[in-house]
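Structure file target_16.csv; described as CSV, C-alpha atoms.
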chain,number,residue,atom,x,y,z
A,232,MET,CA,28.8,-13.8,4.2
A,233,ILE,CA,27.2,-10.5,5.2
A,234,ASP,CA,27.4,-7.8,2.5
A,235,ARG,CA,29.5,-5.1,4.0
A,236,LEU,CA,27.9,-2.6,1.6
A,237,ALA,CA,24.4,-3.3,2.8
A,238,VAL,CA,22.7,-1.5,5.7
A,239,PRO,CA,23.5,-3.6,8.8
A,240,LEU,CA,20.7,-5.2,10.6
A,241,PRO,CA,20.2,-3.5,13.9
A,242,TRP,CA,20.4,-6.7,16.0
A,243,LEU,CA,23.8,-7.7,14.7
A,244,ASP,CA,27.1,-6.7,16.2
A,245,ARG,CA,30.0,-5.4,14.1
A,246,ALA,CA,31.2,-9.0,13.3
A,247,GLY,CA,27.7,-9.8,11.9
A,248,ARG,CA,26.8,-12.0,14.9
A,249,LEU,CA,23.4,-11.9,16.7
A,250,SER,CA,23.5,-9.6,19.7
A,251,TRP,CA,20.8,-10.5,22.2
A,252,LEU,CA,21.2,-7.1,23.8
A,253,LYS,CA,20.7,-5.2,20.6
A,254,LEU,CA,17.8,-7.5,19.6
A,255,ALA,CA,16.0,-6.9,22.9
A,256,VAL,CA,16.5,-3.1,22.6
A,257,PHE,CA,15.4,-3.1,19.0
A,258,LEU,CA,12.2,-4.9,19.9
A,259,ALA,CA,11.7,-2.4,22.8
A,260,CYS,CA,12.2,0.5,20.3
A,261,ILE,CA,9.6,-0.7,17.8
A,262,ALA,CA,7.1,-2.0,20.4
A,263,PRO,CA,5.4,1.4,21.0
A,264,ALA,CA,5.0,2.0,17.3
A,265,LEU,CA,3.5,-1.4,16.7
A,266,TYR,CA,1.1,-0.9,19.7
A,267,LEU,CA,0.0,2.5,18.4
A,268,ALA,CA,-0.5,1.2,14.9
A,269,ALA,CA,-2.6,-1.7,16.2
A,270,ALA,CA,-4.6,0.6,18.4
A,271,TYR,CA,-5.3,2.9,15.5
A,272,ARG,CA,-6.3,-0.1,13.3
A,273,LEU,CA,-8.7,-1.3,16.0
A,274,ASP,CA,-10.1,2.2,16.5
A,275,ALA,CA,-9.0,2.1,20.1
A,276,LEU,CA,-7.5,5.6,20.4
A,277,GLY,CA,-10.7,7.6,21.1
A,278,ALA,CA,-12.6,10.2,19.2
A,279,LYS,CA,-9.5,11.9,17.9
A,280,PRO,CA,-7.1,9.1,17.0
A,281,ILE,CA,-4.6,11.3,15.1
A,282,THR,CA,-4.4,13.7,18.1
A,283,ALA,CA,-3.8,10.7,20.3
A,284,LEU,CA,-1.0,9.5,18.0
A,285,ILE,CA,0.6,12.9,17.9
A,286,HIS,CA,0.8,13.0,21.7
A,287,ALA,CA,1.9,9.4,22.0
A,288,THR,CA,4.8,9.7,19.5
A,289,GLY,CA,6.0,12.9,21.1
A,290,GLU,CA,5.9,11.3,24.5
A,291,TRP,CA,7.9,8.3,23.3
A,292,ALA,CA,10.5,10.5,21.6
A,293,VAL,CA,11.1,12.1,25.0
A,294,ARG,CA,11.2,8.8,26.8
A,295,PHE,CA,13.7,7.3,24.4
A,296,LEU,CA,15.8,10.5,24.7
A,297,LEU,CA,16.0,9.9,28.4
A,298,PHE,CA,16.8,6.2,27.9
A,299,SER,CA,19.7,7.3,25.7
A,300,LEU,CA,21.0,9.7,28.3
A,301,ALA,CA,20.7,6.9,30.9
A,302,ILE,CA,23.2,4.7,29.1
A,303,SER,CA,26.3,6.4,30.5
A,304,PRO,CA,25.3,6.1,34.2
A,305,LEU,CA,24.1,2.5,33.6
A,306,ARG,CA,27.4,1.7,31.9
A,307,ARG,CA,29.5,3.0,34.8
A,308,LEU,CA,27.5,2.3,37.9
A,309,ALA,CA,26.4,-1.2,36.9
A,310,ASP,CA,29.8,-1.9,35.5
A,311,TRP,CA,28.2,-2.9,32.2
A,312,PRO,CA,30.4,-1.6,29.4
A,313,LYS,CA,28.6,-3.6,26.6
A,314,VAL,CA,25.5,-1.5,27.0
A,315,ILE,CA,27.1,1.3,25.0
A,316,VAL,CA,26.4,-0.7,21.8
A,317,VAL,CA,22.7,0.3,22.0
A,318,ARG,CA,23.1,4.0,22.4
A,319,ARG,CA,23.1,4.9,18.7
A,320,MET,CA,20.0,2.7,18.2
A,321,LEU,CA,18.2,4.6,20.9
A,322,GLY,CA,19.3,7.9,19.4
A,323,VAL,CA,18.0,7.0,16.0
A,324,THR,CA,14.8,5.8,17.6
A,325,VAL,CA,14.3,9.3,19.2
A,326,MET,CA,14.7,10.9,15.8
A,327,ALA,CA,12.2,8.4,14.2
A,328,TYR,CA,9.5,9.1,16.8
A,329,ALA,CA,10.1,12.8,16.6
A,330,VAL,CA,9.7,12.8,12.8
A,331,ALA,CA,6.5,10.7,13.1
A,332,HIS,CA,5.3,13.3,15.7
A,333,LEU,CA,5.7,16.1,13.1
A,334,THR,CA,4.3,14.0,10.2
A,335,LEU,CA,1.2,13.2,12.2
A,336,TYR,CA,0.7,16.9,13.0
A,337,ALA,CA,0.9,17.6,9.3
A,338,VAL,CA,-1.7,14.9,8.7
A,339,ASP,CA,-3.9,16.5,11.4
A,340,GLN,CA,-3.6,19.8,9.4
A,341,ASN,CA,-4.8,18.0,6.3
A,342,LEU,CA,-1.3,18.1,4.8
A,343,ILE,CA,-1.7,21.8,4.1
A,344,LEU,CA,2.0,22.7,4.4
A,345,THR,CA,1.5,26.4,4.4
A,346,LYS,CA,-0.7,26.1,7.5
A,347,VAL,CA,1.8,23.8,9.2
A,348,VAL,CA,4.6,26.3,8.5
A,349,SER,CA,2.6,29.2,9.8
A,350,GLU,CA,1.5,27.4,12.9
A,351,ILE,CA,5.1,26.5,13.7
A,352,ALA,CA,6.2,30.1,13.1
A,353,LEU,CA,3.4,31.6,15.2
A,354,ARG,CA,3.1,29.2,18.1
A,355,LEU,CA,6.0,29.3,20.5
A,356,TYR,CA,5.7,25.7,21.7
A,357,LEU,CA,5.6,24.5,18.1
A,358,THR,CA,8.6,26.6,17.2
A,359,ILE,CA,10.5,25.1,20.2
A,360,GLY,CA,9.5,21.6,19.2
A,361,PHE,CA,10.5,22.1,15.6
A,362,VAL,CA,14.0,23.4,16.6
A,363,ALA,CA,14.4,20.3,18.7
A,364,LEU,CA,13.4,18.2,15.8
A,365,VAL,CA,15.9,19.8,13.4
A,366,GLY,CA,18.6,19.1,16.0
A,367,LEU,CA,17.6,15.5,16.3
A,368,ILE,CA,17.6,15.1,12.6
A,369,ALA,CA,21.1,16.6,12.4
A,370,LEU,CA,22.3,14.2,15.1
A,371,GLY,CA,20.7,11.2,13.5
A,372,LEU,CA,22.1,12.0,10.0
A,373,THR,CA,25.6,12.3,11.5
A,374,SER,CA,25.4,9.1,13.6
A,375,THR,CA,27.1,6.9,11.0
A,376,ASP,CA,30.7,5.8,11.2
A,377,ALA,CA,31.5,7.7,8.0
A,378,ALA,CA,30.2,10.9,9.5
A,379,ILE,CA,32.2,10.4,12.7
A,380,ARG,CA,35.4,9.9,10.6
A,381,HIS,CA,34.6,12.9,8.4
A,382,LEU,CA,33.7,15.4,11.2
A,383,GLY,CA,36.5,14.3,13.5
A,384,PRO,CA,36.6,16.4,16.8
A,385,ASN,CA,33.7,18.5,15.5
A,386,TRP,CA,31.4,15.4,15.8
A,387,ASN,CA,31.7,15.5,19.6
A,388,ARG,CA,30.9,19.2,19.7
A,389,LEU,CA,27.9,18.7,17.5
A,390,HIS,CA,26.5,15.8,19.6
A,391,ARG,CA,26.9,17.7,22.8
A,392,LEU,CA,23.8,19.5,21.6
A,393,THR,CA,21.9,16.5,22.9
A,394,TYR,CA,21.5,18.3,26.2
A,395,THR,CA,20.2,21.5,24.6
A,396,ILE,CA,17.8,19.5,22.5
A,397,ALA,CA,16.5,17.6,25.6
A,398,VAL,CA,15.8,21.0,27.3
A,399,LEU,CA,13.9,22.2,24.2
A,400,ALA,CA,12.0,18.9,24.0
A,401,LEU,CA,11.0,19.1,27.6
A,402,ALA,CA,9.9,22.8,27.2
A,403,HIS,CA,7.8,21.8,24.2
A,404,TYR,CA,6.3,18.9,26.3
A,405,PHE,CA,5.4,21.3,29.1
A,406,LEU,CA,3.8,23.9,26.9
A,407,GLN,CA,1.7,21.6,24.9
A,408,SER,CA,0.5,19.8,28.0
A,409,LYS,CA,-1.2,23.0,29.2
A,410,ILE,CA,-3.1,22.0,32.4
A,411,ASP,CA,-1.9,18.6,33.6
A,412,VAL,CA,1.9,18.5,33.5
A,413,THR,CA,2.4,15.4,35.6
A,414,ASP,CA,4.2,13.4,32.9
A,415,PRO,CA,6.4,16.4,31.7
A,416,VAL,CA,7.4,17.0,35.4
A,417,PHE,CA,8.4,13.4,35.8
A,418,SER,CA,10.4,13.5,32.6
A,419,ALA,CA,12.1,16.7,33.6
A,420,GLY,CA,12.9,15.2,37.0
A,421,LEU,CA,14.6,12.3,35.4
A,422,PHE,CA,16.5,14.7,33.2
A,423,LEU,CA,17.7,16.6,36.3
A,424,LEU,CA,18.7,13.3,37.9
A,425,LEU,CA,20.8,12.3,34.8
A,426,MET,CA,22.4,15.7,34.5
A,427,GLY,CA,23.1,15.7,38.2
A,428,TRP,CA,25.1,12.5,37.8
A,429,ARG,CA,27.0,14.1,34.9
A,430,ALA,CA,27.8,17.1,37.1
A,431,MET,CA,29.2,14.7,39.7
A,432,ARG,CA,31.4,13.2,36.9
A,433,ARG,CA,32.4,16.6,35.6
A,434,PHE,CA,33.6,17.9,39.0
A,435,GLN,CA,35.0,14.5,40.0
A,436,TRP,CA,32.8,14.1,43.0
A,437,PRO,CA,32.9,10.7,44.6
A,438,GLU,CA,30.4,8.2,43.2
A,439,ARG,CA,29.7,6.5,46.5
A,440,PRO,CA,26.3,5.1,47.6
A,441,TRP,CA,25.8,8.0,50.0
A,442,SER,CA,26.6,10.7,47.4
A,443,LEU,CA,24.3,9.0,44.9
A,444,LEU,CA,21.6,8.8,47.5
A,445,LEU,CA,22.0,12.5,48.1
A,446,LEU,CA,21.7,13.1,44.3
A,447,ALA,CA,18.4,11.1,44.2
A,448,VAL,CA,17.0,13.2,47.1
A,449,LEU,CA,18.1,16.5,45.6
A,450,ALA,CA,16.6,15.5,42.2
A,451,ALA,CA,13.3,14.6,43.8
A,452,LEU,CA,13.2,17.9,45.7
A,453,ALA,CA,14.0,19.8,42.5
A,454,THR,CA,11.2,17.9,40.8
A,455,ALA,CA,8.7,18.9,43.5
A,456,GLY,CA,9.9,22.5,43.3
A,457,LEU,CA,9.6,22.5,39.5
A,458,GLU,CA,6.1,21.2,39.6
A,459,ALA,CA,5.1,23.9,42.2
A,460,ALA,CA,6.7,26.6,40.2
A,461,TRP,CA,5.0,25.6,37.0
A,462,TYR,CA,1.5,25.4,38.4
A,463,GLY,CA,2.1,28.7,40.3
A,464,LEU,CA,3.2,30.5,37.1
A,465,ALA,CA,0.9,28.9,34.7
A,466,SER,CA,-2.4,28.7,36.7
A,467,GLY,CA,-1.8,30.7,39.8
A,468,VAL,CA,-2.1,27.7,42.2
A,469,PRO,CA,-0.2,28.5,45.4
A,470,ALA,CA,3.1,26.7,45.5
A,471,ASN,CA,2.5,25.5,49.1
A,472,LEU,CA,-0.6,23.6,48.0
A,473,VAL,CA,1.3,21.8,45.2
A,474,LEU,CA,4.1,21.0,47.6
A,475,ALA,CA,1.7,19.7,50.2
A,476,ALA,CA,0.2,17.4,47.6
A,477,ASN,CA,3.5,15.5,47.6
A,478,LEU,CA,2.7,14.5,51.2
A,479,ASP,CA,-0.9,13.4,50.4
A,480,PHE,CA,-0.9,9.7,49.5
A,481,SER,CA,-4.6,9.4,49.2
A,482,GLY,CA,-4.4,10.4,45.5
A,483,PRO,CA,-2.0,9.8,42.7
A,484,ILE,CA,1.7,9.6,43.7
A,485,ARG,CA,3.4,12.8,42.7
A,486,PRO,CA,6.3,12.8,40.1
A,487,ALA,CA,8.9,13.7,42.8
A,488,TRP,CA,8.4,10.4,44.5
A,489,TRP,CA,8.8,8.5,41.2
A,490,VAL,CA,12.0,10.4,40.5
A,491,LEU,CA,13.2,9.5,43.9
A,492,ALA,CA,12.3,5.8,43.3
A,493,VAL,CA,14.3,5.8,40.0
A,494,GLY,CA,17.1,7.8,41.7
A,495,LEU,CA,17.5,5.1,44.4
A,496,SER,CA,18.5,2.7,41.7
A,497,LEU,CA,21.8,4.6,41.4
A,498,PRO,CA,23.1,4.0,45.0
A,499,ALA,CA,21.6,0.5,44.7
A,500,MET,CA,23.8,-0.3,41.7
A,501,ALA,CA,26.8,1.2,43.4
A,502,LEU,CA,26.2,-1.0,46.4
A,503,VAL,CA,25.8,-4.1,44.3
A,504,ARG,CA,28.9,-3.4,42.3
A,505,GLY,CA,31.0,-2.5,45.3
A,506,PRO,CA,34.5,-1.0,45.3
A,507,LYS,CA,36.8,-2.4,42.7
A,508,PRO,CA,40.2,-3.4,44.2
A,509,ARG,CA,43.4,-2.2,42.4
A,510,ALA,CA,46.1,-4.7,41.5
A,511,ALA,CA,49.2,-4.6,43.7
A,512,GLY,CA,51.6,-1.9,42.6
A,513,GLN,CA,49.0,-0.2,40.4
A,514,ALA,CA,49.1,3.5,40.6
A,515,PRO,CA,45.7,5.2,41.2
A,516,SER,CA,44.2,6.9,38.2
A,517,ARG,CA,41.2,9.1,37.6
A,518,ARG,CA,39.6,6.4,35.4
A,519,PRO,CA,38.7,3.2,37.2
A,520,ALA,CA,40.9,0.3,35.9
A,521,HIS,CA,38.0,-2.0,35.2
A,522,LEU,CA,36.4,0.3,32.6
A,523,PRO,CA,37.5,0.3,29.0
A,524,ARG,CA,38.8,3.5,27.4
A,525,ARG,CA,36.0,5.7,26.4
A,526,GLU,CA,35.1,5.9,22.7
A,527,PRO,CA,35.3,9.4,21.3
A,528,THR,CA,31.6,9.9,21.9
A,529,ARG,CA,31.2,11.4,25.3
A,530,GLU,CA,27.4,11.7,26.0
A,531,ALA,CA,26.3,11.9,22.4
A,532,LEU,CA,22.8,11.0,21.4
A,533,SER,CA,23.8,8.5,18.7
A,534,PRO,CA,27.5,7.4,19.1
A,535,PRO,CA,29.1,4.5,17.3
A,536,ALA,CA,27.7,1.2,18.4

Could you write out this file's structure as structure tokens?
Amino acid sequence: MIDRLAVPLPWLDRAGRLSWLKLAVFLACIAPALYLAAAYRLDALGAKPITALIHATGEWAVRFLLFSLAISPLRRLADWPKVIVVRRMLGVTVMAYAVAHLTLYAVDQNLILTKVVSEIALRLYLTIGFVALVGLIALGLTSTDAAIRHLGPNWNRLHRLTYTIAVLALAHYFLQSKIDVTDPVFSAGLFLLLMGWRAMRRFQWPERPWSLLLLAVLAALATAGLEAAWYGLASGVPANLVLAANLDFSGPIRPAWWVLAVGLSLPAMALVRGPKPRAAGQAPSRRPAHLPRREPTREALSPPA
């Protein structure tokens, strides 16, 4: 019998049974860390391996943050309620990679903590990143069932900071990337897509294939505009040249097109799912009948599994 006082294994459900979904996500969460550790051991990270590790862990923290925010649309549009069980795992993973990101930065500074603190205080992009990290740690430490019970309604309020933390993390990502912001622009575009879906839910706009297609197109256009604005402000490149690059397919595909490709999965899921018929005599409701009642987690980074 499983010891209820022990820390539960992440691939087990609440009844102590193996969850293949949780196991698959757990392996996906640790895979980048294992790859980076092996690459470091094999001296395959270039001339500055610690710098490479700093950048990689930060990038994976942002990616897993976006994965965690994608759980809600995936749960609803794909009619997959069980996927909610991995959101807390993804949230804790974000925190772990972010902590590794800062730890490696301290190692790069020869563990001279006074220098680390002064750099964080004096460099804006480091200050922004550190504030985001503090927020992630706060969410991670309050992701337990005991914390949820203790905080009550305040837990939801605290975990709504996920969106603010995501904005700070993306700002840090942009500022530290300096010249080439292709990856930050793509991440920001995905964030706009996910927040656009939440806006549709907030204002009760219909989640039909046509409306989700429109959302994907608008997110892609916003991504192209963001990229043009960033290069225009940061390096003085005319916005029309950056926008025109989105129509030049002889080089790398611009982030806006990748955001559109991801966004098209939303209407595709809605089409595959199709409309859900109501039982005879059932009154219409604002919540579709096929979905379970929502846990008191809203869009929190690390809700109960």

Show me a table, sorted first by chain and then by increasing residue number, of the residues of stretch 258-365 of chain A having an atom at most 9 Å from stretch 498-505 of chain A, each with its shortest atom pair and the distance in Å to one decimal, counting all atoms listed in the file and written as JSON lines.
{"residue": "A:Leu305", "atom": "CA", "partner": "A:Met500", "partner_atom": "CA", "distance": 8.6}
{"residue": "A:Leu308", "atom": "CA", "partner": "A:Ala501", "partner_atom": "CA", "distance": 5.7}
{"residue": "A:Ala309", "atom": "CA", "partner": "A:Met500", "partner_atom": "CA", "distance": 5.5}
{"residue": "A:Asp310", "atom": "CA", "partner": "A:Arg504", "partner_atom": "CA", "distance": 7.0}

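Going from atom CA of A:Ile359 to atom CA of A:Thr395 covers 11.2 Å.
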
Of the listed residues A:Ala402, A:Asp376, A:Pro304, A:Arg388, that which approaches A:Met431 most closely, counting only C-alpha atoms = A:Pro304

ask   = Which of these residues is nearest to A:Arg432, using all atoms listed in the file: A:Arg307, A:Gly322, A:Val365, A:Leu497?
value = A:Arg307

inquiry  = Rounded to one decimal, what separation in Å do you get between atom CA of A:Thr345 and atom CA of A:Ala292?
reply    = 25.1 Å

query = Hey, which of A:Val317, A:Leu267, A:Ala492, A:Val293 ends up closest to A:Ser250? Count all atoms listed in the file.
reply = A:Val317

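For the pair atom CA of A:His403 and atom CA of A:Gly360, the interatomic distance is 5.3 Å.
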
What are the closest atom pairs, with distances in Å to one decimal, for each residue of stretch 270-360 of chain A lying within 12 Å of stretch 413-424 of chain A, using all atoms listed in the file, rows by chain and rising residue number, as a tab-separated table?
residue	atom	partner	partner_atom	distance
A:His286	CA	A:Asp414	CA	11.7
A:Ala287	CA	A:Asp414	CA	11.8
A:Gly289	CA	A:Pro415	CA	11.2
A:Glu290	CA	A:Asp414	CA	8.8
A:Trp291	CA	A:Ser418	CA	10.9
A:Ala292	CA	A:Ser418	CA	11.4
A:Val293	CA	A:Ser418	CA	7.8
A:Arg294	CA	A:Ser418	CA	7.5
A:Phe295	CA	A:Ser418	CA	10.8
A:Leu296	CA	A:Phe422	CA	9.5
A:Leu297	CA	A:Phe422	CA	6.8
A:Phe298	CA	A:Leu421	CA	9.9
A:Ser299	CA	A:Phe422	CA	11.0
A:Leu300	CA	A:Phe422	CA	8.3
A:Ala301	CA	A:Phe422	CA	9.2
A:Pro304	CA	A:Leu424	CA	10.4

Could those selected residues go to a file with C-alpha atoms, as a CSV table (one decimal), in the coordinates of the input?
chain,number,residue,atom,x,y,z
A,286,HIS,CA,0.8,13.0,21.7
A,287,ALA,CA,1.9,9.4,22.0
A,289,GLY,CA,6.0,12.9,21.1
A,290,GLU,CA,5.9,11.3,24.5
A,291,TRP,CA,7.9,8.3,23.3
A,292,ALA,CA,10.5,10.5,21.6
A,293,VAL,CA,11.1,12.1,25.0
A,294,ARG,CA,11.2,8.8,26.8
A,295,PHE,CA,13.7,7.3,24.4
A,296,LEU,CA,15.8,10.5,24.7
A,297,LEU,CA,16.0,9.9,28.4
A,298,PHE,CA,16.8,6.2,27.9
A,299,SER,CA,19.7,7.3,25.7
A,300,LEU,CA,21.0,9.7,28.3
A,301,ALA,CA,20.7,6.9,30.9
A,304,PRO,CA,25.3,6.1,34.2

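Using all atoms listed in the file, the protein and nucleic acid residues lying no more than 12 Å from stretch 334-339 of chain A, apart from those fewer than 4 places from it along its own chain, are Lys279, Pro280, Ile281, Thr282, Ala283, Leu284, Ile285, His286, Ala287, Thr288, Gly289, Ala327, Tyr328, Ala329, Val330, Ile343, Leu344, Thr345, Lys346, Val347, Val348, Ser349, Glu350, Ile351, Leu357, Gly360, Phe361 and Leu364 of chain A.
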
task = Write out as number ranges by chain which residues come within 9 Å of A:Leu444 when counting all atoms listed in the file, dropping same-chain ones fewer than 3 positions away.
result = A: 439-441, 447-449, 494-499

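Residue nearest A:Ser303, chosen from A:Met426, A:Leu446, A:Leu355, A:Ala451 and counting only C-alpha atoms: A:Met426.
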
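Distance check against A:Gln407 using only C-alpha atoms: of A:Tyr356, A:Leu276, A:Ala487, A:Met320, the minimum falls on A:Tyr356.
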
inquiry  = I need the residue nearest A:Tyr462 from this list: A:Thr393, A:Gln435, A:Pro483, A:Ile410. Use all atoms listed in the file for the distance.
reply    = A:Ile410

Mind completing stretch 310-319 of chain A with all heavy atoms? Output as a short mmCIF file (atom, residue, chain, number, x, y, z; two decimals), in the coordinates of the input, please?
data_model
loop_
_atom_site.label_atom_id
_atom_site.label_comp_id
_atom_site.auth_asym_id
_atom_site.auth_seq_id
_atom_site.Cartn_x
_atom_site.Cartn_y
_atom_site.Cartn_z
N ASP A 310 28.63 -1.28 36.01
CA ASP A 310 29.80 -1.90 35.50
C ASP A 310 29.40 -2.82 34.27
O ASP A 310 29.71 -4.01 34.21
CB ASP A 310 30.48 -2.79 36.56
CG ASP A 310 31.87 -3.26 36.12
OD1 ASP A 310 32.42 -2.68 35.17
OD2 ASP A 310 32.39 -4.21 36.73
N TRP A 311 28.74 -2.18 33.32
CA TRP A 311 28.20 -2.90 32.20
C TRP A 311 28.64 -2.18 30.89
O TRP A 311 27.85 -1.52 30.22
CB TRP A 311 26.66 -2.92 32.26
CG TRP A 311 25.98 -3.82 31.28
CD1 TRP A 311 26.54 -4.78 30.50
CD2 TRP A 311 24.58 -3.82 30.98
NE1 TRP A 311 25.58 -5.40 29.74
CE2 TRP A 311 24.36 -4.83 30.02
CE3 TRP A 311 23.49 -3.09 31.45
CZ2 TRP A 311 23.09 -5.11 29.50
CZ3 TRP A 311 22.23 -3.37 30.94
CH2 TRP A 311 22.04 -4.36 29.98
N PRO A 312 29.90 -2.32 30.51
CA PRO A 312 30.40 -1.60 29.40
C PRO A 312 29.73 -1.92 28.04
O PRO A 312 29.66 -1.08 27.15
CB PRO A 312 31.90 -1.94 29.33
CG PRO A 312 32.01 -3.22 30.11
CD PRO A 312 30.95 -3.15 31.15
N LYS A 313 29.21 -3.14 27.91
CA LYS A 313 28.60 -3.60 26.60
C LYS A 313 27.34 -2.80 26.30
O LYS A 313 26.91 -2.79 25.15
CB LYS A 313 28.35 -5.06 26.65
CG LYS A 313 29.60 -5.91 26.57
CD LYS A 313 29.24 -7.38 26.47
CE LYS A 313 30.50 -8.25 26.33
NZ LYS A 313 30.15 -9.69 26.23
N VAL A 314 26.72 -2.17 27.30
CA VAL A 314 25.50 -1.50 27.00
C VAL A 314 25.64 -0.30 26.10
O VAL A 314 24.68 0.18 25.49
CB VAL A 314 24.83 -1.02 28.38
CG1 VAL A 314 25.54 0.20 28.94
CG2 VAL A 314 23.34 -0.73 28.20
N ILE A 315 26.87 0.16 25.92
CA ILE A 315 27.10 1.30 25.00
C ILE A 315 26.73 0.99 23.59
O ILE A 315 26.46 1.91 22.80
CB ILE A 315 28.64 1.67 25.10
CG1 ILE A 315 28.87 3.07 24.52
CG2 ILE A 315 29.50 0.67 24.38
CD1 ILE A 315 28.32 4.17 25.35
N VAL A 316 26.66 -0.30 23.22
CA VAL A 316 26.40 -0.70 21.80
C VAL A 316 24.98 -0.29 21.40
O VAL A 316 24.69 -0.25 20.20
CB VAL A 316 26.64 -2.15 21.57
CG1 VAL A 316 28.06 -2.53 21.92
CG2 VAL A 316 25.63 -3.02 22.32
N VAL A 317 24.07 0.00 22.34
CA VAL A 317 22.70 0.30 22.00
C VAL A 317 22.39 1.78 21.96
O VAL A 317 21.27 2.17 21.63
CB VAL A 317 21.70 -0.45 22.88
CG1 VAL A 317 21.92 -1.95 22.83
CG2 VAL A 317 21.78 0.07 24.31
N ARG A 318 23.36 2.62 22.30
CA ARG A 318 23.10 4.00 22.40
C ARG A 318 22.73 4.68 21.09
O ARG A 318 21.84 5.51 20.99
CB ARG A 318 24.20 4.79 23.13
CG ARG A 318 23.84 6.20 23.51
CD ARG A 318 24.75 6.77 24.56
NE ARG A 318 26.13 6.78 24.15
CZ ARG A 318 27.12 7.26 24.91
NH1 ARG A 318 26.84 7.75 26.11
NH2 ARG A 318 28.37 7.25 24.50
N ARG A 319 23.45 4.29 20.04
CA ARG A 319 23.10 4.90 18.70
C ARG A 319 21.73 4.42 18.29
O ARG A 319 20.98 5.23 17.72
CB ARG A 319 24.17 4.42 17.69
CG ARG A 319 23.79 4.85 16.29
CD ARG A 319 24.96 4.92 15.35
NE ARG A 319 25.70 3.68 15.24
CZ ARG A 319 26.79 3.53 14.48
NH1 ARG A 319 27.25 4.56 13.78
NH2 ARG A 319 27.42 2.37 14.42
#
